[in-house]
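First comes the structure, then the notes that go with it.
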Amino acid sequence: MKITRVETFLVPPRWMFVRVETDAGLIGWGEPVVEGRAEPVRAAVEVLAEYLLGRDPSRIEDHWQVMTKGGFYRGGPVLSSAVAGLDQALWDIKGKQYGVPVHQLLGGPVRERVRAYSWIGGDEPAEIRDALAAQIEAGFTAVKMNGCGPMTPVATRAEIRDCLRRAETAREVLGDERDFGLDFHGRVSPANARRLLPLLAEHAPMFVEEPVLPDYPHSLPDLVNASSIPLALGERLFTRQEFLAPLQAGVAILQPDISHAGGISELRRIAALAETYGAQLAPHCPLGPIALAASLQVAFTTPNFLIQEQSIGIHYNQDAELLDYVTDPEPFRFQGGSLARTDRPGLGITVDEPAVRAADKKGHAWRNPLWRHADGSFAEW
């Protein structure tokens with residue numbers, strides 16, 4: 001069996017899919033994208049496709065090694081995301097070749113369902129209460145929200161109190177039996193994070209995500225020691241080597257993204273590395289159906305998996321929804337806030353190819369918002 005064609009599709013609201021075709025009639029799908037930078041990733045996929053065409057798709061590990069290390073200049077989000085999507089597609093083909101889900105090829109399942117959390121925003125604190133109630137009504141047992149809006153490097157008391165009110169409201173609505181995560185989104189400086197974490201501890205968030213930008217790994221030991229709240233990070237890290245220092249600093253939850261961090265192959269290795277430190281895996285995934293399906297395959301077979309992010313109904317999905325690109329929504333049907341394991345082959349979903357091709361004709365040019373402080377200087381989004 002040989003790879004005969006590689007195609008990419010830029011689909012709303014902000015995603016990109018890759019289709020890998022073989023001469024045996026088997027087709028694999030992946031989701032290579034950097035949100036806001038899809039076009040450079042598309043170009044990187046096209047370059048890597050030059051290597052893959054005419055080769056045996058079953059040699060996944062060898063292809064991964066060549067795609068990540070075959071160029072003198074390596075790494076970075078664009079190349080890593082291109083590899084990630086192609087890796088997903090190759091695992092999809094292999095599962096279909098043997099008629100089994102990918103998780104069976106990874107050693108078999110260790111759980112029957114995957115707990116997921118839902119996103120409620122949080123940029124507008126006045127909307128938190130109703131949004132939380134809606135997710136409880138939908139059956140979710142965990143949510144995530146932004147911990148703050150734009151924050152000055154040395155926060156005012158009002159900014160600090162605004163963050164604390166978000167957490168207080170979440171705990172009040174959710175009670176003690178449900179969980180919430182707070183995403184600092186890199187908006188919080190190391191100094192502000194040291195102030196906030198001890199104050200947030202009484203509300204017992206499940207985790208605080210990206211407490212500081214990945215530019216400041218040296219600040220992580222101090223932040224880990226600042227409070228009992230588990231710290232989580234990883235959506236902007238792309239290799240297991242980049243996750244080593246956070247683990248050594250005591251970060252409790254790793255959040256690699258299967259469409260950024262080298263695909264299924266590397267996500268499995270990152271999970272194994274985390275396990276040696278007693279850390280948990282909570283994959284980042286505010287993306288489309290292929291990324292979520294691939295993440296679930298890893299979750300079903302990973303002992304130290306904690307919880308899965310997913311984007312159904314997320315505020316980014318303005319022009320299209322995750323379910324618009326699959327022919328059967330059953331694999332994404334939530335039961336009590338969890339997704340059940342299926343035995344469908346490959347990634348476990350059937351991509352609606354006509355819908356994907358039609359969406360690609362429209363395309364998108366999504367860019368993340370640009371924020372500024374009151375004085376006009378750049379603010380982290």
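Numbering starts fresh at 1 for the residues of each chain in the structure tokens, the chains themselves are lettered A, B, ... in the order given, and ligands are numbered from 1 as they appear.
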Among region 187-347 of chain A, which ones does DSSP assign to strand (DSSP E) (computed from the backbone)? Answer as an mmCIF file with C-alpha atoms, in the first residue's frame.
```cif
data_model
loop_
_atom_site.group_PDB
_atom_site.id
_atom_site.type_symbol
_atom_site.label_atom_id
_atom_site.label_comp_id
_atom_site.auth_asym_id
_atom_site.auth_seq_id
_atom_site.Cartn_x
_atom_site.Cartn_y
_atom_site.Cartn_z
ATOM 1 C CA PHE A 207 -6.520 23.594 38.081
ATOM 2 C CA VAL A 208 -5.167 26.962 37.031
ATOM 3 C CA GLU A 209 -4.121 26.779 33.403
ATOM 4 C CA LEU A 231 -1.056 24.012 37.882
ATOM 5 C CA ALA A 232 -1.687 23.035 34.272
ATOM 6 C CA LEU A 233 0.011 24.056 31.039
ATOM 7 C CA ILE A 253 -1.371 18.554 34.715
ATOM 8 C CA LEU A 254 -0.019 18.570 31.168
ATOM 9 C CA GLN A 280 -1.983 13.879 34.703
ATOM 10 C CA LEU A 281 -2.893 14.395 31.042
ATOM 11 C CA GLN A 308 -10.636 16.197 27.913
ATOM 12 C CA GLU A 309 -11.221 19.656 26.498
ATOM 13 C CA PHE A 334 -22.283 13.217 25.798
ATOM 14 C CA GLN A 335 -23.648 11.093 28.618
ATOM 15 C CA SER A 338 -18.524 11.973 29.320
ATOM 16 C CA LEU A 339 -17.934 10.408 25.905
ATOM 17 C CA ALA A 340 -18.286 6.643 25.609
#
```
Which neighbours of region 325-332 of chain A fall inside 10 Å, counting only C-alpha atoms, when residues of the same chain fewer than 5 positions from it are skipped, and could you give them as number ranges by chain? A: 11, 288-290, 292-293, 296, 310, 312, 320, 338-344, 348-357, 359
Which residues, written as a compact mmCIF listing (two decimals) with N, CA and C atoms, in the first residue's frame, have at least one atom at most 10 Å from region 154-171 of chain A, with only C-alpha atoms counted and residues fewer than 6 positions away on the same chain left out?
```txt
# COMPACT_ATOMS: atom_id res chain seq x y z
N GLY A 122 -15.96 33.57 30.22
CA GLY A 122 -15.47 34.22 31.43
C GLY A 122 -14.91 35.60 31.21
N ASP A 123 -14.76 36.01 29.94
CA ASP A 123 -14.28 37.36 29.69
C ASP A 123 -15.27 38.40 30.22
N GLU A 124 -16.55 38.05 30.24
CA GLU A 124 -17.59 38.92 30.79
C GLU A 124 -18.14 38.29 32.06
N PRO A 125 -17.68 38.70 33.23
CA PRO A 125 -18.07 38.04 34.48
C PRO A 125 -19.57 38.01 34.72
N ALA A 126 -20.31 39.00 34.21
CA ALA A 126 -21.75 39.05 34.45
C ALA A 126 -22.48 37.87 33.82
N ILE A 128 -21.29 34.70 33.70
CA ILE A 128 -20.79 33.43 34.19
C ILE A 128 -21.88 32.59 34.83
N ARG A 129 -22.71 33.21 35.65
CA ARG A 129 -23.70 32.45 36.41
C ARG A 129 -24.65 31.69 35.48
N ALA A 131 -24.20 30.95 32.31
CA ALA A 131 -23.45 29.98 31.51
C ALA A 131 -23.15 28.72 32.31
N LEU A 132 -22.81 28.86 33.57
CA LEU A 132 -22.57 27.70 34.43
C LEU A 132 -23.83 26.87 34.58
N ALA A 133 -24.95 27.53 34.81
CA ALA A 133 -26.21 26.81 34.98
C ALA A 133 -26.57 26.02 33.73
N VAL A 143 -16.29 22.48 34.10
CA VAL A 143 -16.24 23.56 33.13
C VAL A 143 -14.88 24.25 33.24
N LYS A 144 -14.58 25.05 32.22
CA LYS A 144 -13.39 25.90 32.28
C LYS A 144 -13.78 27.29 31.82
N MET A 145 -13.11 28.29 32.40
CA MET A 145 -13.38 29.67 32.01
C MET A 145 -12.11 30.49 32.19
N ASN A 146 -12.07 31.63 31.52
CA ASN A 146 -10.96 32.54 31.71
C ASN A 146 -10.98 33.08 33.13
N GLY A 147 -9.81 33.18 33.73
CA GLY A 147 -9.70 33.67 35.09
C GLY A 147 -9.72 35.18 35.20
N CYS A 148 -9.48 35.86 34.07
CA CYS A 148 -9.43 37.32 34.10
C CYS A 148 -9.52 37.83 32.68
N GLU A 177 -19.50 19.28 44.33
CA GLU A 177 -19.45 18.01 43.60
C GLU A 177 -18.99 18.18 42.16
N ARG A 178 -18.92 19.41 41.69
CA ARG A 178 -18.48 19.65 40.31
C ARG A 178 -17.18 20.45 40.33
N ASP A 179 -16.51 20.48 39.18
CA ASP A 179 -15.19 21.10 39.09
C ASP A 179 -15.18 22.27 38.12
N PHE A 180 -14.25 23.17 38.34
CA PHE A 180 -13.99 24.22 37.36
C PHE A 180 -12.50 24.47 37.26
N GLY A 181 -12.07 24.78 36.05
CA GLY A 181 -10.69 25.18 35.82
C GLY A 181 -10.65 26.66 35.46
N LEU A 182 -9.60 27.33 35.91
CA LEU A 182 -9.40 28.74 35.58
C LEU A 182 -8.22 28.85 34.61
N PHE A 184 -5.63 31.25 33.01
CA PHE A 184 -5.01 32.57 33.02
C PHE A 184 -4.59 33.00 31.62
N VAL A 188 -1.45 36.76 32.79
CA VAL A 188 -1.06 37.11 34.15
C VAL A 188 0.46 37.08 34.28
N SER A 189 1.03 38.13 34.78
CA SER A 189 2.48 38.19 34.97
C SER A 189 2.89 37.27 36.12
N PRO A 190 4.16 36.88 36.21
CA PRO A 190 4.61 36.06 37.34
C PRO A 190 4.30 36.71 38.69
N ALA A 191 4.47 38.02 38.79
CA ALA A 191 4.18 38.70 40.05
C ALA A 191 2.70 38.60 40.41
N ASN A 192 1.84 38.81 39.43
CA ASN A 192 0.40 38.71 39.69
C ASN A 192 -0.01 37.28 40.02
N ALA A 193 0.60 36.31 39.33
CA ALA A 193 0.27 34.91 39.61
C ALA A 193 0.61 34.55 41.04
N ARG A 195 0.54 36.45 43.57
CA ARG A 195 -0.46 37.05 44.44
C ARG A 195 -1.79 36.30 44.35
N LEU A 196 -2.18 35.92 43.15
CA LEU A 196 -3.51 35.36 42.95
C LEU A 196 -3.67 33.93 43.44
N LEU A 197 -2.67 33.10 43.21
CA LEU A 197 -2.83 31.67 43.50
C LEU A 197 -3.20 31.39 44.96
N LEU A 199 -4.76 33.29 47.01
CA LEU A 199 -6.08 33.83 47.26
C LEU A 199 -7.18 32.98 46.64
N LEU A 200 -6.86 32.29 45.55
CA LEU A 200 -7.84 31.45 44.85
C LEU A 200 -8.02 30.08 45.51
N ALA A 201 -7.08 29.70 46.35
CA ALA A 201 -7.07 28.33 46.86
C ALA A 201 -8.35 27.96 47.61
N GLU A 202 -8.96 28.89 48.31
CA GLU A 202 -10.16 28.56 49.10
C GLU A 202 -11.32 28.12 48.21
N HIS A 203 -11.30 28.49 46.93
CA HIS A 203 -12.36 28.10 46.02
C HIS A 203 -12.07 26.77 45.33
N ALA A 204 -10.91 26.20 45.57
CA ALA A 204 -10.52 24.87 45.11
C ALA A 204 -10.78 24.62 43.63
N PRO A 205 -10.22 25.44 42.74
CA PRO A 205 -10.35 25.10 41.33
C PRO A 205 -9.64 23.78 41.02
```
Could you tell me which of A:Pro32, A:His260, A:Ala245, A:Ala116 comes closest to Pro221 (chain A) if we count only C-alpha atoms?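 Among A:Pro32, A:His260, A:Ala245, A:Ala116, it is A:Ala245 that comes nearest to Pro221 (chain A).
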Residues at most 10 Å from Phe17 (chain A), counting only C-alpha atoms, excluding those fewer than 6 positions away in the same chain, as a compact mmCIF listing (two decimals) with C-alpha atoms, in the first residue's frame?
```txt
# COMPACT_ATOMS: atom_id res chain seq x y z
CA GLU A 7 -4.94 17.28 0.31
CA THR A 8 -5.61 20.09 2.77
CA PHE A 9 -8.88 21.90 3.45
CA LEU A 10 -9.24 25.27 5.14
CA VAL A 11 -12.65 25.04 6.83
CA TRP A 29 -7.97 12.26 8.07
CA GLY A 30 -6.03 14.59 10.34
CA GLU A 31 -6.30 18.12 11.69
CA PRO A 32 -3.09 20.16 11.32
CA VAL A 33 -3.61 23.76 12.33
CA ARG A 42 -0.90 24.37 5.02
CA GLY A 85 -2.16 16.30 11.38
CA LEU A 86 -0.35 13.92 9.07
CA ALA A 89 -4.16 10.62 9.32
CA GLY A 288 -12.61 20.38 15.25
CA PRO A 289 -13.93 16.82 15.10
CA ILE A 290 -10.78 15.12 13.86
CA ALA A 291 -8.60 16.57 16.61
CA VAL A 356 -15.48 19.57 3.95
CA ASP A 360 -12.95 24.75 1.82
```
Selected residue, from A:Pro246, A:Gly186, A:Gly313, A:Gly54, that lies nearest to Ala134 (chain A) when counting only C-alpha atoms: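 Counting only C-alpha atoms, the residue closest to Ala134 (chain A) is A:Gly313.
Considering only C-alpha atoms, the residue among A:Leu106, A:Leu370, A:Leu244, A:Ile258 positioned nearest to Val34 (chain A) is A:Ile258.
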Of the candidates A:Val298, A:Leu287, A:Val110, A:Ile60, which shows the shortest atom-to-atom distance to Glu321 (chain A), using only C-alpha atoms? A:Leu287
Surrounding residues of Glu275 (chain A) excluding itself and chain neighbours under 3 positions, 12 Å, only C-alpha atoms, as an NGL selection string: :A and (244 or 247 or 252-254 or 268-272 or 278-281 or 302-306)
Selection export as a compact mmCIF listing (two decimals), in the first residue's frame, atoms kept: N, CA and C atoms:
```txt
# COMPACT_ATOMS: atom_id res chain seq x y z
N LEU A 244 9.62 18.61 29.96
CA LEU A 244 10.43 18.08 31.05
C LEU A 244 10.62 19.10 32.18
N LEU A 247 7.52 19.61 34.36
CA LEU A 247 7.32 18.45 35.24
C LEU A 247 8.30 18.48 36.41
N ALA A 252 1.33 19.85 37.73
CA ALA A 252 0.57 18.63 38.01
C ALA A 252 -0.20 18.09 36.81
N ILE A 253 -0.51 18.95 35.83
CA ILE A 253 -1.37 18.55 34.72
C ILE A 253 -0.77 19.08 33.42
N LEU A 254 -0.54 18.18 32.47
CA LEU A 254 -0.02 18.57 31.17
C LEU A 254 -1.16 18.65 30.16
N ARG A 268 1.29 10.42 23.04
CA ARG A 268 1.47 9.21 23.85
C ARG A 268 2.78 9.27 24.64
N ARG A 269 3.82 9.77 24.02
CA ARG A 269 5.11 9.84 24.71
C ARG A 269 5.09 10.89 25.81
N ILE A 270 4.42 12.01 25.54
CA ILE A 270 4.29 13.04 26.57
C ILE A 270 3.52 12.50 27.76
N ALA A 271 2.47 11.72 27.51
CA ALA A 271 1.67 11.12 28.59
C ALA A 271 2.53 10.18 29.42
N ALA A 272 3.35 9.38 28.75
CA ALA A 272 4.21 8.44 29.48
C ALA A 272 5.24 9.19 30.33
N GLY A 278 4.08 11.40 38.13
CA GLY A 278 2.81 11.41 38.82
C GLY A 278 1.88 12.51 38.34
N ALA A 279 2.12 13.03 37.14
CA ALA A 279 1.30 14.10 36.58
C ALA A 279 0.22 13.52 35.68
N GLN A 280 -0.83 14.31 35.47
CA GLN A 280 -1.98 13.88 34.70
C GLN A 280 -2.00 14.53 33.32
N LEU A 281 -2.75 13.90 32.41
CA LEU A 281 -2.89 14.39 31.04
C LEU A 281 -4.31 14.93 30.87
N THR A 302 -4.73 5.78 27.91
CA THR A 302 -3.72 6.42 28.75
C THR A 302 -4.10 6.32 30.23
N PRO A 303 -3.31 5.61 31.04
CA PRO A 303 -3.66 5.43 32.46
C PRO A 303 -3.78 6.74 33.23
N ASN A 304 -2.90 7.70 32.96
CA ASN A 304 -2.87 8.94 33.74
C ASN A 304 -3.65 10.07 33.05
N PHE A 305 -4.66 9.71 32.27
CA PHE A 305 -5.55 10.70 31.68
C PHE A 305 -6.48 11.27 32.75
N LEU A 306 -6.74 12.59 32.70
CA LEU A 306 -7.59 13.24 33.68
C LEU A 306 -8.92 13.69 33.09
```
